[in-house]
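Asks: Structure file model_30.csv, CSV, C-alpha atoms and all ligand atoms, is pasted below:
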chain,number,residue,atom,x,y,z
A,1,MET,CA,51.4,114.3,63.9
A,2,THR,CA,50.0,116.7,66.6
A,3,THR,CA,49.7,116.3,70.3
A,4,PRO,CA,50.7,114.5,72.2
A,5,TYR,CA,54.3,114.9,71.2
A,6,HIS,CA,56.8,112.3,72.3
A,7,GLY,CA,60.6,112.5,72.6
A,8,ARG,CA,63.6,110.9,74.2
A,9,CYS,CA,67.4,111.3,74.6
A,10,THR,CA,69.7,109.2,72.6
A,11,CYS,CA,70.1,106.5,75.3
A,12,GLY,CA,66.4,106.6,76.4
A,13,ALA,CA,67.1,107.4,80.1
A,14,VAL,CA,65.0,110.5,79.8
A,15,SER,CA,61.8,110.6,77.8
A,16,LEU,CA,58.9,113.0,77.6
A,17,THR,CA,55.3,113.4,76.5
A,18,ILE,CA,53.9,116.8,75.8
A,19,ALA,CA,50.1,117.2,75.7
A,20,ALA,CA,49.9,120.7,74.2
A,21,GLU,CA,51.0,122.7,71.2
A,22,PRO,CA,54.1,124.9,71.7
A,23,LEU,CA,53.8,128.6,72.4
A,24,TRP,CA,56.5,129.1,69.7
A,25,VAL,CA,59.3,127.4,67.9
A,26,ARG,CA,62.4,129.4,67.2
A,27,GLN,CA,66.1,129.2,66.4
A,28,CYS,CA,68.4,130.8,68.9
A,29,TRP,CA,71.8,132.0,67.6
A,30,CYS,CA,73.1,133.4,71.0
A,31,ARG,CA,76.7,132.4,71.8
A,32,GLN,CA,75.6,130.1,74.6
A,33,CYS,CA,73.3,128.2,72.2
A,34,GLN,CA,76.2,128.0,69.7
A,35,LYS,CA,78.2,126.2,72.4
A,36,ALA,CA,75.3,123.8,73.1
A,37,ALA,CA,74.7,123.1,69.4
A,38,SER,CA,78.3,122.6,68.2
A,39,GLY,CA,78.4,126.0,66.4
A,40,ASN,CA,74.9,126.2,65.0
A,41,ALA,CA,71.7,127.6,66.4
A,42,THR,CA,69.6,125.7,68.9
A,43,VAL,CA,66.0,125.0,67.7
A,44,ASN,CA,63.6,125.3,70.6
A,45,ALA,CA,59.9,124.8,71.1
A,46,LEU,CA,58.5,126.5,74.2
A,47,PHE,CA,55.9,124.4,76.1
A,48,THR,CA,54.2,125.0,79.4
A,49,THR,CA,55.6,122.7,82.0
A,50,ALA,CA,52.0,121.7,83.0
A,51,ALA,CA,51.7,119.9,79.6
A,52,MET,CA,55.0,118.0,80.0
A,53,THR,CA,55.4,114.5,81.5
A,54,ILE,CA,59.1,113.6,82.0
A,55,THR,CA,60.4,110.1,82.7
A,56,GLY,CA,63.9,110.0,84.1
A,57,THR,CA,66.0,112.8,85.7
A,58,PRO,CA,67.7,115.4,83.5
A,59,GLY,CA,70.9,117.1,84.6
A,60,TRP,CA,70.9,120.9,84.7
A,61,LYS,CA,73.7,123.5,84.3
A,62,GLY,CA,72.9,127.2,84.7
A,63,TYR,CA,74.5,130.6,84.2
A,64,ARG,CA,73.5,134.2,84.8
A,65,ALA,CA,72.5,135.9,81.6
A,66,ALA,CA,73.2,139.6,80.9
A,67,SER,CA,69.5,140.3,81.7
A,68,GLY,CA,70.2,139.1,85.3
A,69,ASN,CA,68.0,136.0,84.7
A,70,THR,CA,69.3,132.5,85.3
A,71,ILE,CA,69.3,130.4,82.2
A,72,GLU,CA,69.6,126.6,82.6
A,73,HIS,CA,70.3,123.9,80.1
A,74,GLY,CA,68.9,120.5,80.7
A,75,PHE,CA,70.5,117.4,79.3
A,76,CYS,CA,70.6,113.6,79.8
A,77,ALA,CA,73.1,112.9,82.6
A,78,ASP,CA,73.9,109.6,81.0
A,79,CYS,CA,74.3,110.3,77.3
A,80,GLY,CA,74.6,114.1,77.3
A,81,THR,CA,71.8,114.8,74.8
A,82,PRO,CA,70.6,118.4,75.1
A,83,LEU,CA,67.0,118.3,76.1
A,84,PHE,CA,65.6,121.5,77.7
A,85,GLY,CA,66.2,125.1,78.4
A,86,ARG,CA,64.6,127.2,81.1
A,87,ASN,CA,64.7,130.8,82.2
A,88,SER,CA,64.1,132.0,85.7
A,89,SER,CA,61.9,134.8,84.3
A,90,ARG,CA,59.3,132.2,83.0
A,91,PRO,CA,59.3,129.2,85.4
A,92,ASP,CA,56.0,127.9,84.0
A,93,SER,CA,57.4,127.0,80.6
A,94,TRP,CA,60.5,125.3,79.3
A,95,VAL,CA,62.0,125.0,75.8
A,96,VAL,CA,62.4,121.5,74.4
A,97,ARG,CA,65.3,121.1,71.9
A,98,LEU,CA,63.4,120.2,68.8
A,99,GLY,CA,65.7,117.3,67.9
A,100,VAL,CA,64.6,115.5,71.0
A,101,LEU,CA,61.1,115.0,69.6
A,102,ASP,CA,60.3,111.8,67.6
A,103,ALA,CA,60.3,112.3,63.9
A,104,GLY,CA,57.0,112.8,62.2
A,105,HIS,CA,55.8,116.0,63.9
A,106,ALA,CA,55.2,119.1,61.8
A,107,LEU,CA,56.8,121.6,64.2
A,108,ALA,CA,59.3,124.1,62.5
A,109,PRO,CA,60.8,127.4,63.6
A,110,THR,CA,58.9,130.5,62.6
A,111,GLY,CA,61.5,132.9,64.1
A,112,ALA,CA,65.2,133.3,64.7
A,113,ILE,CA,66.5,135.2,67.7
A,114,TRP,CA,69.9,136.6,68.7
A,115,THR,CA,70.8,136.8,65.0
A,116,GLU,CA,73.3,139.5,65.7
A,117,GLU,CA,75.5,136.9,67.3
A,118,ALA,CA,75.2,134.4,64.4
A,119,PRO,CA,78.4,133.6,62.6
A,120,ALA,CA,78.9,135.1,59.1
A,121,TRP,CA,78.3,131.8,57.4
A,122,ALA,CA,74.9,131.2,59.1
A,123,MET,CA,72.1,130.6,56.6
A,124,ILE,CA,69.0,132.2,58.2
A,125,ASP,CA,65.8,131.8,56.3
A,126,PRO,CA,64.6,135.3,55.4
A,127,ALA,CA,61.0,134.1,55.7
A,128,LEU,CA,61.6,133.7,59.5
A,129,GLU,CA,60.7,136.5,61.9
A,130,ASN,CA,64.2,137.9,62.8
A,131,TRP,CA,65.1,139.3,66.2
A,132,PRO,CA,68.7,140.7,66.5
A,133,ARG,CA,68.5,140.1,70.2
A,134,GLN,CA,66.0,138.8,72.8
A,135,PRO,CA,62.3,139.4,71.7
A,136,PRO,CA,59.7,140.5,74.2
A,137,PRO,CA,58.2,137.7,76.3
A,138,PRO,CA,55.2,135.8,74.9
A,139,ALA,CA,51.8,137.0,75.8
A,140,LYS,CA,50.4,135.5,79.0
A,141,VAL,CA,48.8,132.1,78.4
A,142,ASP,CA,45.4,131.6,79.9
B,201,ZN,ZN,70.3,109.7,77.5
B,202,ZN,ZN,70.3,131.0,72.8
Would it be possible to restate this file's structure as structure tokens?

Replies:
Amino acid sequence: MTTPYHGRCTCGAVSLTIAAEPLWVRQCWCRQCQKAASGNATVNALFTTAAMTITGTPGWKGYRAASGNTIEHGFCADCGTPLFGRNSSRPDSWVVRLGVLDAGHALAPTGAIWTEEAPAWAMIDPALENWPRQPPPPAKVD
């Protein structure tokens, strides 16, 4: 399956359609993501917001990262499913938690970031591009 991608939270109060390919798909092992993903990495696909159509109203909770940027996690306010992440440094694109997307797509992480914060037991595929901390931002999209 390719575009459009479809996804929904567990209860269905929030659903989305994405009419573009992601800029990247990565695991994130930062400590905040471990809290969001019950100890594991989050798996995130970055999409331009222009390509996303969202039905329903996600909740958002934010914090100030060490970089000074505000990071916000979006979730279903009814069922709590983690849905999105956004960073004040790149307001035109959000990450979608990969588990939100309907099964059948072929998206998979090609990189792992913040691996220096991963727990000792983490199994990180050596075939993935590995960034100990935050990688540089993606190239500007036309
Ligand atoms: Zn829900
Ligand atoms: Zn993270």

Asks: Measure the distance from CA of Gly74 in chain A to CA of Arg31 in chain A in Å and round it to one decimal.

Replies: 16.8 Å

Asks: Would you list the contacts of Ile18 in chain A as a PDB file with C-alpha atoms, in the frame of the given file, taking every protein, DNA or RNA residue within 8 Å and counting all atoms listed in the file, but skipping same-chain residues closer than 2 positions in sequence?

Replies:
ATOM      1  CA  THR A   3      49.700 116.300  70.300  1.00  0.00           C
ATOM      2  CA  PRO A   4      50.700 114.500  72.200  1.00  0.00           C
ATOM      3  CA  TYR A   5      54.300 114.900  71.200  1.00  0.00           C
ATOM      4  CA  HIS A   6      56.800 112.300  72.300  1.00  0.00           C
ATOM      5  CA  LEU A  16      58.900 113.000  77.600  1.00  0.00           C
ATOM      6  CA  ALA A  20      49.900 120.700  74.200  1.00  0.00           C
ATOM      7  CA  PHE A  47      55.900 124.400  76.100  1.00  0.00           C
ATOM      8  CA  ALA A  51      51.700 119.900  79.600  1.00  0.00           C
ATOM      9  CA  MET A  52      55.000 118.000  80.000  1.00  0.00           C
ATOM     10  CA  THR A  53      55.400 114.500  81.500  1.00  0.00           C
TER      11      THR A  53
END

Asks: What lies within 8 Å of Ala77 in chain A using only C-alpha atoms, ignoring chain neighbours under 6 positions off, as an MDAnalysis selection string?

Replies: chainID A and resid 57:59

Asks: Mind listing the residues within 7 Å of ligand ZN 202 (chain B), only C-alpha atoms and all ligand atoms counted, as an MDAnalysis selection string?

Replies: chainID A and resid 28:33 42 114

Asks: Collect all residues with atoms no farther than 9 Å from ligand ZN 201 (chain B), counting all atoms listed in the file, and output them as number ranges by chain.

Replies: A: 8-15, 58, 75-81

Asks: Could you work out how far CA of Gly56 in chain A lies from CA of Asp92 in chain A, giving the answer in Å with one decimal?

Replies: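 Rounded to one decimal, the two atoms are 19.6 Å apart.
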
Asks: To one decimal in Å, tell me the separation between CA of Pro82 in chain A and CA of Asn40 in chain A.

Replies: 13.5 Å

Asks: Which is closer to Trp94 in chain A than all the others in A:Thr17, A:Thr110, A:Asn44, A:Thr2, using all atoms listed in the file?

Replies: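 Nearest to Trp94 in chain A: A:Asn44.
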
Asks: Please list as a list in words every residue within 8 Å of Gly85 in chain A, counting only C-alpha atoms and excluding residues in the same chain fewer than 3 positions away.

Replies: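 That gives Ile71, Glu72, His73, Gly74, Trp94, Val95, Val96 and Arg97 of chain A.
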